[in-house]
$ cat query10.cif   # mmCIF, C-alpha atoms and all ligand atoms
data_start
loop_
_atom_site.label_atom_id
_atom_site.label_comp_id
_atom_site.auth_asym_id
_atom_site.auth_seq_id
_atom_site.Cartn_x
_atom_site.Cartn_y
_atom_site.Cartn_z
CA MET A 123 260.77 -108.48 88.18
CA VAL A 124 257.68 -109.54 90.14
CA VAL A 125 254.48 -110.10 88.19
CA HIS A 126 251.27 -110.06 90.25
CA ARG A 127 248.32 -111.87 88.75
CA ARG A 128 244.65 -111.03 89.01
CA ALA A 129 243.30 -114.50 89.72
CA TYR A 130 244.22 -117.86 91.17
CA SER A 131 245.86 -120.40 88.83
CA ALA A 132 243.69 -122.93 86.97
CA ALA A 133 244.97 -125.71 89.27
CA GLN A 134 244.07 -123.68 92.39
CA ILE A 135 240.61 -122.96 90.97
CA TYR A 136 239.83 -126.60 90.15
CA VAL A 137 241.16 -127.81 93.49
CA HIS A 138 239.04 -125.14 95.28
CA TRP A 139 235.79 -126.32 93.65
CA ALA A 140 236.66 -130.02 93.97
CA GLY A 141 237.32 -129.40 97.69
CA ALA A 142 234.01 -127.55 98.09
CA ALA A 143 232.16 -130.49 96.44
CA LEU A 144 233.89 -132.98 98.77
CA VAL A 145 232.96 -130.91 101.86
CA MET A 146 229.33 -130.96 100.72
CA ALA A 147 229.50 -134.73 100.16
CA LEU A 148 230.91 -135.13 103.69
CA PHE A 149 228.04 -133.23 105.31
CA ALA A 150 225.55 -135.08 103.11
CA THR A 151 226.88 -138.56 104.04
CA ALA A 152 227.03 -137.65 107.77
CA TRP A 153 223.56 -136.10 107.91
CA ILE A 154 221.73 -138.58 105.65
CA ARG A 155 223.22 -141.40 107.73
CA GLU A 156 221.66 -140.00 110.90
CA GLY A 157 218.16 -140.51 109.48
CA ILE A 158 218.78 -144.11 108.34
CA GLU A 159 218.07 -147.19 110.45
CA ASP A 160 219.37 -149.96 108.17
CA ALA A 161 222.70 -151.02 109.74
CA ALA A 162 224.35 -152.09 106.45
CA LEU A 163 223.49 -148.79 104.74
CA ARG A 164 224.70 -146.82 107.77
CA ARG A 165 228.01 -148.71 107.64
CA LEU A 166 228.33 -148.08 103.89
CA LEU A 167 227.67 -144.35 104.29
CA LEU A 168 230.22 -144.13 107.11
CA ASP A 169 232.79 -145.96 104.94
CA TRP A 170 232.17 -143.45 102.14
CA HIS A 171 232.28 -140.57 104.63
CA ARG A 172 235.67 -141.70 105.90
CA LEU A 173 237.06 -142.27 102.41
CA VAL A 174 235.86 -138.89 101.09
CA GLY A 175 237.27 -137.19 104.22
CA LEU A 176 240.68 -138.76 103.68
CA VAL A 177 240.65 -137.81 99.98
CA LEU A 178 239.80 -134.24 101.03
CA MET A 179 242.76 -134.23 103.41
CA ALA A 180 245.11 -135.32 100.59
CA LEU A 181 243.61 -132.74 98.23
CA SER A 182 244.05 -130.04 100.89
CA ALA A 183 247.75 -130.93 101.17
CA ILE A 184 248.12 -130.49 97.38
CA ARG A 185 246.18 -127.24 97.66
CA LEU A 186 248.40 -125.91 100.41
CA GLY A 187 251.46 -126.78 98.29
CA LEU A 188 249.99 -124.88 95.33
CA ARG A 189 249.23 -121.90 97.55
CA LEU A 190 252.73 -121.84 99.06
CA ALA A 191 254.19 -121.99 95.55
CA ARG A 192 252.02 -119.12 94.31
CA PRO A 193 250.66 -116.48 96.69
CA ALA A 194 247.07 -115.21 96.50
CA PRO A 195 246.51 -112.45 93.93
CA PRO A 196 246.48 -108.90 95.35
CA PRO A 197 243.08 -107.64 96.56
CA VAL A 198 240.69 -106.20 93.97
CA PRO A 199 241.29 -102.43 93.58
CA GLY A 200 239.38 -100.34 96.12
CA MET A 201 238.80 -103.16 98.64
CA PRO A 202 239.00 -101.72 102.19
CA ALA A 203 241.92 -103.02 104.26
CA TRP A 204 239.60 -104.49 106.93
CA GLN A 205 237.78 -106.59 104.32
CA HIS A 206 241.05 -107.93 102.96
CA ALA A 207 242.25 -108.72 106.51
CA LEU A 208 238.94 -110.43 107.40
CA ALA A 209 239.04 -112.51 104.18
CA GLY A 210 242.60 -113.56 105.06
CA LEU A 211 241.48 -114.66 108.54
CA VAL A 212 238.53 -116.65 107.17
CA HIS A 213 240.71 -118.30 104.49
CA GLY A 214 243.29 -119.20 107.17
CA GLY A 215 240.52 -120.69 109.34
CA LEU A 216 239.19 -122.68 106.38
CA TYR A 217 242.65 -124.05 105.59
CA ALA A 218 243.12 -125.07 109.24
CA LEU A 219 239.73 -126.82 109.37
CA LEU A 220 240.34 -128.61 106.06
CA PHE A 221 243.10 -130.47 107.93
CA LEU A 222 241.80 -130.52 111.53
CA GLN A 223 238.35 -131.85 110.63
CA PRO A 224 239.54 -134.96 108.71
CA LEU A 225 242.32 -135.47 111.27
CA SER A 226 239.78 -135.51 114.12
CA GLY A 227 237.74 -138.05 112.08
CA TRP A 228 240.81 -140.23 111.59
CA LEU A 229 241.61 -140.03 115.34
CA LEU A 230 237.98 -140.88 116.10
CA ALA A 231 238.10 -143.93 113.83
CA SER A 232 241.35 -145.05 115.54
CA ALA A 233 239.87 -144.57 119.03
CA ARG A 234 236.95 -146.76 117.92
CA GLY A 235 239.43 -149.45 116.88
CA ARG A 236 238.82 -148.98 113.14
CA ALA A 237 241.92 -149.28 110.92
CA LEU A 238 241.60 -147.21 107.74
CA ASP A 239 242.83 -147.64 104.21
CA LEU A 240 242.57 -145.70 100.96
CA PHE A 241 240.56 -147.55 98.29
CA GLY A 242 241.41 -150.88 99.90
CA TRP A 243 245.08 -150.86 98.85
CA LEU A 244 246.84 -148.20 100.92
CA PRO A 245 246.65 -149.06 104.63
CA LEU A 246 246.84 -146.00 106.90
CA PRO A 247 248.39 -146.00 110.37
CA VAL A 248 246.23 -146.25 113.48
CA LEU A 249 246.85 -142.90 115.21
CA ILE A 250 245.83 -143.77 118.79
CA ALA A 251 244.91 -146.87 120.79
CA LYS A 252 241.28 -147.98 121.04
CA SER A 253 239.49 -146.28 123.93
CA ALA A 254 235.78 -145.68 124.50
CA GLU A 255 236.49 -142.60 126.61
CA ARG A 256 238.70 -140.97 123.95
CA ALA A 257 236.23 -141.93 121.24
CA GLU A 258 233.51 -140.08 123.11
CA TRP A 259 235.31 -136.75 123.35
CA LEU A 260 236.79 -137.09 119.87
CA GLY A 261 233.25 -137.57 118.57
CA LEU A 262 232.28 -134.32 120.28
CA ALA A 263 235.36 -132.55 118.86
CA HIS A 264 234.57 -133.86 115.35
CA ALA A 265 230.98 -132.61 115.61
CA PHE A 266 232.10 -129.23 117.03
CA LEU A 267 234.67 -128.75 114.24
CA SER A 268 232.04 -129.60 111.64
CA TRP A 269 229.84 -126.75 112.94
CA ALA A 270 232.81 -124.37 112.94
CA LEU A 271 233.57 -125.40 109.33
CA LEU A 272 229.96 -124.92 108.32
CA ALA A 273 229.87 -121.45 109.92
CA LEU A 274 233.07 -120.34 108.14
CA VAL A 275 231.92 -121.77 104.79
CA GLY A 276 228.60 -119.91 105.19
CA LEU A 277 230.39 -116.64 105.96
CA HIS A 278 232.86 -117.18 103.12
CA ALA A 279 230.31 -118.17 100.44
CA GLY A 280 227.95 -115.39 101.60
CA ALA A 281 230.74 -112.83 101.25
CA ALA A 282 231.70 -114.16 97.78
CA ILE A 283 228.08 -113.95 96.61
CA GLY A 284 227.72 -110.45 98.17
CA HIS A 285 230.82 -109.30 96.29
CA ALA A 286 229.39 -110.69 93.04
CA LEU A 287 225.80 -109.45 93.37
CA ILE A 288 226.04 -106.26 95.43
CA LEU A 289 229.57 -104.85 95.14
CA LYS A 290 230.13 -106.30 91.64
CA ASP A 291 233.88 -105.91 92.19
CA GLY A 292 235.16 -109.02 90.41
CA THR A 293 236.18 -110.95 93.56
CA LEU A 294 234.28 -114.06 92.42
CA ASN A 295 236.02 -113.93 89.02
CA ARG A 296 239.29 -114.70 90.81
CA MET A 297 237.95 -118.17 91.59
CA ARG A 298 235.99 -118.77 88.38
CA PRO A 299 237.20 -121.32 85.85
CA ARG A 300 238.98 -119.77 82.88
CA GLY A 301 237.13 -118.84 79.74
CA ARG A 302 234.77 -116.56 81.67
CA GLY A 303 235.65 -113.07 82.84
CA PHE A 304 239.23 -111.94 82.36
CA PRO A 305 242.08 -114.38 81.70
CA ALA A 306 243.47 -115.51 85.03
CA SER A 307 247.07 -115.13 83.99
CA SER A 308 246.96 -111.51 82.83
CA PRO A 309 249.42 -109.42 84.86
CA VAL A 310 248.13 -106.29 86.62
CA THR A 311 251.20 -104.89 88.32
CA GLU A 312 254.85 -105.25 87.65
CA SER A 313 257.73 -103.96 89.70
C1 LIG B 1 236.05 -132.15 106.24
C2 LIG B 1 235.93 -133.42 106.58
C3 LIG B 1 234.78 -133.97 107.38
C4 LIG B 1 233.55 -133.40 107.69
C5 LIG B 1 232.98 -132.05 107.26
C6 LIG B 1 232.88 -134.35 108.55
C7 LIG B 1 231.62 -134.13 109.09
C8 LIG B 1 230.99 -134.99 109.96
C9 LIG B 1 229.73 -134.73 110.60
C10 LIG B 1 228.86 -133.48 110.39
C11 LIG B 1 229.46 -135.80 111.41
C12 LIG B 1 228.24 -135.99 112.32
C13 LIG B 1 228.67 -135.45 113.68
C14 LIG B 1 227.59 -135.48 114.72
O1 LIG B 1 226.79 -134.53 114.73
O2 LIG B 1 227.61 -136.41 115.54
C15 LIG B 1 230.55 -136.74 111.28
C16 LIG B 1 230.64 -137.95 111.93
C17 LIG B 1 231.69 -138.83 111.80
N1 LIG B 1 232.79 -138.70 110.99
FE1 LIG B 1 233.22 -137.08 109.85
N2 LIG B 1 233.67 -135.45 108.73
C18 LIG B 1 234.84 -135.27 108.03
C19 LIG B 1 235.90 -136.15 107.92
C20 LIG B 1 235.95 -137.40 108.50
C21 LIG B 1 237.04 -138.37 108.37
C22 LIG B 1 238.30 -138.15 107.53
C23 LIG B 1 236.71 -139.46 109.11
C24 LIG B 1 237.49 -140.74 109.35
C25 LIG B 1 238.54 -141.09 108.68
C26 LIG B 1 235.44 -139.20 109.70
C27 LIG B 1 234.79 -140.07 110.56
C28 LIG B 1 233.60 -139.81 111.16
C29 LIG B 1 233.00 -140.71 112.13
C30 LIG B 1 233.56 -142.04 112.63
C31 LIG B 1 231.79 -140.09 112.52
C32 LIG B 1 230.82 -140.58 113.56
C33 LIG B 1 229.73 -141.33 112.92
C34 LIG B 1 228.79 -141.87 113.98
O3 LIG B 1 227.91 -141.13 114.42
O4 LIG B 1 229.00 -143.00 114.38
N3 LIG B 1 234.99 -137.95 109.33
N4 LIG B 1 231.48 -136.22 110.39
C1 LIG B 2 233.37 -125.97 101.42
C2 LIG B 2 233.35 -124.90 100.72
C3 LIG B 2 234.52 -123.96 100.52
C4 LIG B 2 235.78 -123.96 101.06
C5 LIG B 2 236.39 -124.96 102.06
C6 LIG B 2 236.47 -122.81 100.50
C7 LIG B 2 237.77 -122.44 100.82
C8 LIG B 2 238.44 -121.36 100.29
C9 LIG B 2 239.78 -120.95 100.64
C10 LIG B 2 240.66 -121.65 101.68
C11 LIG B 2 240.10 -119.88 99.88
C12 LIG B 2 241.42 -119.10 99.91
C13 LIG B 2 242.24 -119.59 98.75
C14 LIG B 2 243.69 -119.20 98.89
O1 LIG B 2 244.00 -118.03 99.13
O2 LIG B 2 244.53 -120.11 98.73
C15 LIG B 2 238.96 -119.59 99.04
C16 LIG B 2 238.89 -118.57 98.13
C17 LIG B 2 237.74 -118.20 97.46
N1 LIG B 2 236.51 -118.86 97.51
FE1 LIG B 2 236.07 -120.48 98.55
N2 LIG B 2 235.62 -122.15 99.65
C18 LIG B 2 234.43 -122.82 99.64
C19 LIG B 2 233.28 -122.49 98.93
C20 LIG B 2 233.15 -121.36 98.17
C21 LIG B 2 231.93 -120.92 97.54
C22 LIG B 2 230.58 -121.66 97.66
C23 LIG B 2 232.21 -119.77 96.87
C24 LIG B 2 231.32 -118.86 96.06
C25 LIG B 2 230.04 -118.72 96.26
C26 LIG B 2 233.62 -119.49 97.05
C27 LIG B 2 234.30 -118.44 96.51
C28 LIG B 2 235.63 -118.15 96.72
C29 LIG B 2 236.31 -117.00 96.12
C30 LIG B 2 235.70 -115.95 95.19
C31 LIG B 2 237.63 -117.04 96.58
C32 LIG B 2 238.74 -116.03 96.29
C33 LIG B 2 238.63 -114.93 97.30
C34 LIG B 2 239.69 -113.86 97.17
O3 LIG B 2 240.59 -113.98 96.37
O4 LIG B 2 239.62 -112.93 97.94
N3 LIG B 2 234.16 -120.48 97.87
N4 LIG B 2 237.96 -120.50 99.32
#
$ encode --input "query10.cif" --output "structure tokens"
Amino acid sequence: MVVHRRAYSAAQIYVHWAGAALVMALFATAWIREGIEDAALRRLLLDWHRLVGLVLMALSAIRLGLRLARPAPPPVPGMPAWQHALAGLVHGGLYALLFLQPLSGWLLASARGRALDLFGWLPLPVLIAKSAERAEWLGLAHAFLSWALLALVGLHAGAAIGHALILKDGTLNRMRPRGRGFPASSPVTES
């Protein structure tokens, strides 16, 4: 018997919102840093940016594992097929960027000759040899990917808010922490 559920699991929901908060922190550290002249503060913000990016990458791996273990709930009743397909494409793009963006940052740090570690106790491998030329195009790739991520997040969050405020079809409830809306584990279809 297969039991389909209406919402994501509690773990998926908490990891989703933790990931969203980390992405915001990454843009904040990168953008605030650009307006700062003090070299020590710039270095500190970049260290935090790198650390948060690596934590996001680890969290995204856990998230992907959770998602592979438990598929997404079926679309809300009445959702047109094109909307479901478009949401799937955007979610796929977001998953890809949640790995590609930190990976490009890690490669960029390696090309600049910076060895990374997690919280000072877990040294991470240097991915490529130091090279000013590579660092330049990796910097461009990292910036380009960040704009692509921002565009997809804007589209995704805009759609979620549109579903909640205009269509009022319960899509946002699927990603809301338990205790509000319907219980996430209640089965809707059985076969
Ligand atoms: C989702 C994850 C990440 C996001 C959204 C992100 C975003 C950004 C943004 C918007 C910039 C400024 C780009 C520009 O316009 O020049 C930047 C710069 C940078 N990021 Fe990331 N980043 C992420 C992960 C990482 C990681 C994991 C690392 C390294 C381990 C990293 C290392 C860097 C470096 C070295 C810079 C260049 C700073 C400079 O201008 O010298 N980033 N990042
Ligand atoms: C950096 C920010 C965000 C990222 C990277 C992100 C990423 C994702 C991904 C990858 C999924 C698909 C989950 C899966 O099937 O495993 C998802 C689902 C979802 N997200 Fe986000 N999200 C972000 C921000 C937001 C915001 C701000 C909202 C609400 C305003 C939101 C609402 C939702 C909803 C309602 C779903 C479930 C959609 C459905 O089942 O059709 N997300 N998100």
$ residues_around --input "query10.cif" --residues "stretch 289-294 of chain A" --least-positions-apart "2" --cutoff "9 Å" --atoms "only C-alpha atoms" --output "list in words"
Ala129, Pro197, Val198, Pro199, Gly200, Met201, Ala282, Ile283, Gly284, His285, Ala286, Leu287, Arg296, Met297, Arg298 and Gly303 of chain A
$ residues_near_ligand --input "query10.cif" --ligand "ligand LIG 1 (chain B)" --cutoff "6 Å" --atoms "all atoms listed in the file" --output "short mmCIF file (atom, residue, chain, number, x, y, z; two decimals) with C-alpha atoms, in the coordinates of the input"
data_model
loop_
_atom_site.label_atom_id
_atom_site.label_comp_id
_atom_site.auth_asym_id
_atom_site.auth_seq_id
_atom_site.Cartn_x
_atom_site.Cartn_y
_atom_site.Cartn_z
CA VAL A 145 232.96 -130.91 101.86
CA LEU A 148 230.91 -135.13 103.69
CA PHE A 149 228.04 -133.23 105.31
CA ALA A 152 227.03 -137.65 107.77
CA ARG A 172 235.67 -141.70 105.90
CA GLY A 175 237.27 -137.19 104.22
CA LEU A 176 240.68 -138.76 103.68
CA LEU A 220 240.34 -128.61 106.06
CA GLN A 223 238.35 -131.85 110.63
CA PRO A 224 239.54 -134.96 108.71
CA GLY A 227 237.74 -138.05 112.08
CA TRP A 228 240.81 -140.23 111.59
CA LEU A 230 237.98 -140.88 116.10
CA ALA A 231 238.10 -143.93 113.83
CA ALA A 265 230.98 -132.61 115.61
CA SER A 268 232.04 -129.60 111.64
#
$ closest_atom_pairs --input "query10.cif" --of "chain A" --to "ligand LIG 2 (chain B)" --cutoff "9 Å" --atoms "only C-alpha atoms and all ligand atoms" --output "Markdown table"
| residue | atom | partner | partner_atom | distance |
| --- | --- | --- | --- | --- |
| A:Arg128 | CA | B:LIG2 | O3 | 8.9 |
| A:Ala129 | CA | B:LIG2 | O3 | 7.2 |
| A:Tyr130 | CA | B:LIG2 | O3 | 7.4 |
| A:Gln134 | CA | B:LIG2 | O2 | 7.3 |
| A:Ile135 | CA | B:LIG2 | C17 | 8.5 |
| A:His138 | CA | B:LIG2 | N4 | 6.2 |
| A:Trp139 | CA | B:LIG2 | C19 | 7.0 |
| A:Gly141 | CA | B:LIG2 | C5 | 6.3 |
| A:Ala142 | CA | B:LIG2 | C1 | 3.7 |
| A:Ala143 | CA | B:LIG2 | C1 | 6.8 |
| A:Leu144 | CA | B:LIG2 | C1 | 7.5 |
| A:Val145 | CA | B:LIG2 | C1 | 5.0 |
| A:Met146 | CA | B:LIG2 | C1 | 6.5 |
| A:Arg185 | CA | B:LIG2 | O2 | 7.4 |
| A:Leu186 | CA | B:LIG2 | O2 | 7.2 |
| A:Leu188 | CA | B:LIG2 | O2 | 8.0 |
| A:Arg189 | CA | B:LIG2 | O2 | 5.2 |
| A:Leu190 | CA | B:LIG2 | O2 | 8.4 |
| A:Arg192 | CA | B:LIG2 | O2 | 8.8 |
| A:Pro193 | CA | B:LIG2 | O1 | 7.3 |
| A:Ala194 | CA | B:LIG2 | O1 | 4.9 |
| A:Pro195 | CA | B:LIG2 | O3 | 6.6 |
| A:Pro196 | CA | B:LIG2 | O3 | 7.8 |
| A:Pro197 | CA | B:LIG2 | O4 | 6.5 |
| A:Val198 | CA | B:LIG2 | O4 | 7.9 |
| A:His206 | CA | B:LIG2 | O4 | 7.2 |
| A:Ala209 | CA | B:LIG2 | O4 | 6.3 |
| A:Gly210 | CA | B:LIG2 | O1 | 7.6 |
| A:Val212 | CA | B:LIG2 | C10 | 7.7 |
| A:His213 | CA | B:LIG2 | C10 | 4.4 |
| A:Gly214 | CA | B:LIG2 | C10 | 6.6 |
| A:Gly215 | CA | B:LIG2 | C10 | 7.7 |
| A:Leu216 | CA | B:LIG2 | C10 | 5.0 |
| A:Tyr217 | CA | B:LIG2 | C10 | 5.0 |
| A:Ala218 | CA | B:LIG2 | C10 | 8.7 |
| A:Leu219 | CA | B:LIG2 | C5 | 8.2 |
| A:Leu220 | CA | B:LIG2 | C5 | 6.7 |
| A:Leu271 | CA | B:LIG2 | C5 | 7.8 |
| A:Leu272 | CA | B:LIG2 | C1 | 7.8 |
| A:Leu274 | CA | B:LIG2 | C5 | 8.3 |
| A:Val275 | CA | B:LIG2 | C2 | 5.3 |
| A:Gly276 | CA | B:LIG2 | C22 | 8.0 |
| A:His278 | CA | B:LIG2 | N3 | 6.3 |
| A:Ala279 | CA | B:LIG2 | C25 | 4.2 |
| A:Gly280 | CA | B:LIG2 | C25 | 6.6 |
| A:Ala281 | CA | B:LIG2 | C25 | 7.8 |
| A:Ala282 | CA | B:LIG2 | C24 | 5.0 |
| A:Ile283 | CA | B:LIG2 | C25 | 5.2 |
| A:Gly284 | CA | B:LIG2 | C25 | 8.8 |
| A:His285 | CA | B:LIG2 | C30 | 8.3 |
| A:Ala286 | CA | B:LIG2 | C30 | 8.5 |
| A:Gly292 | CA | B:LIG2 | C30 | 8.4 |
| A:Thr293 | CA | B:LIG2 | C30 | 5.3 |
| A:Leu294 | CA | B:LIG2 | C30 | 3.6 |
| A:Asn295 | CA | B:LIG2 | C30 | 6.5 |
| A:Arg296 | CA | B:LIG2 | C32 | 5.7 |
| A:Met297 | CA | B:LIG2 | C30 | 4.8 |
| A:Arg298 | CA | B:LIG2 | C30 | 7.4 |
$ closest_residue --input "query10.cif" --among "A:Ala150, A:Gly187, A:Gly157, A:Leu244" --to "A:His171" --atoms "only C-alpha atoms"
A:Ala150
$ residues_near_point --input "query10.cif" --point "(238.0, -134.1, 118.3)" --cutoff "9 Å" --atoms "only C-alpha atoms" --output "PyMOL selection string"
chain A and resi 222-223+225-227+229-230+256-267
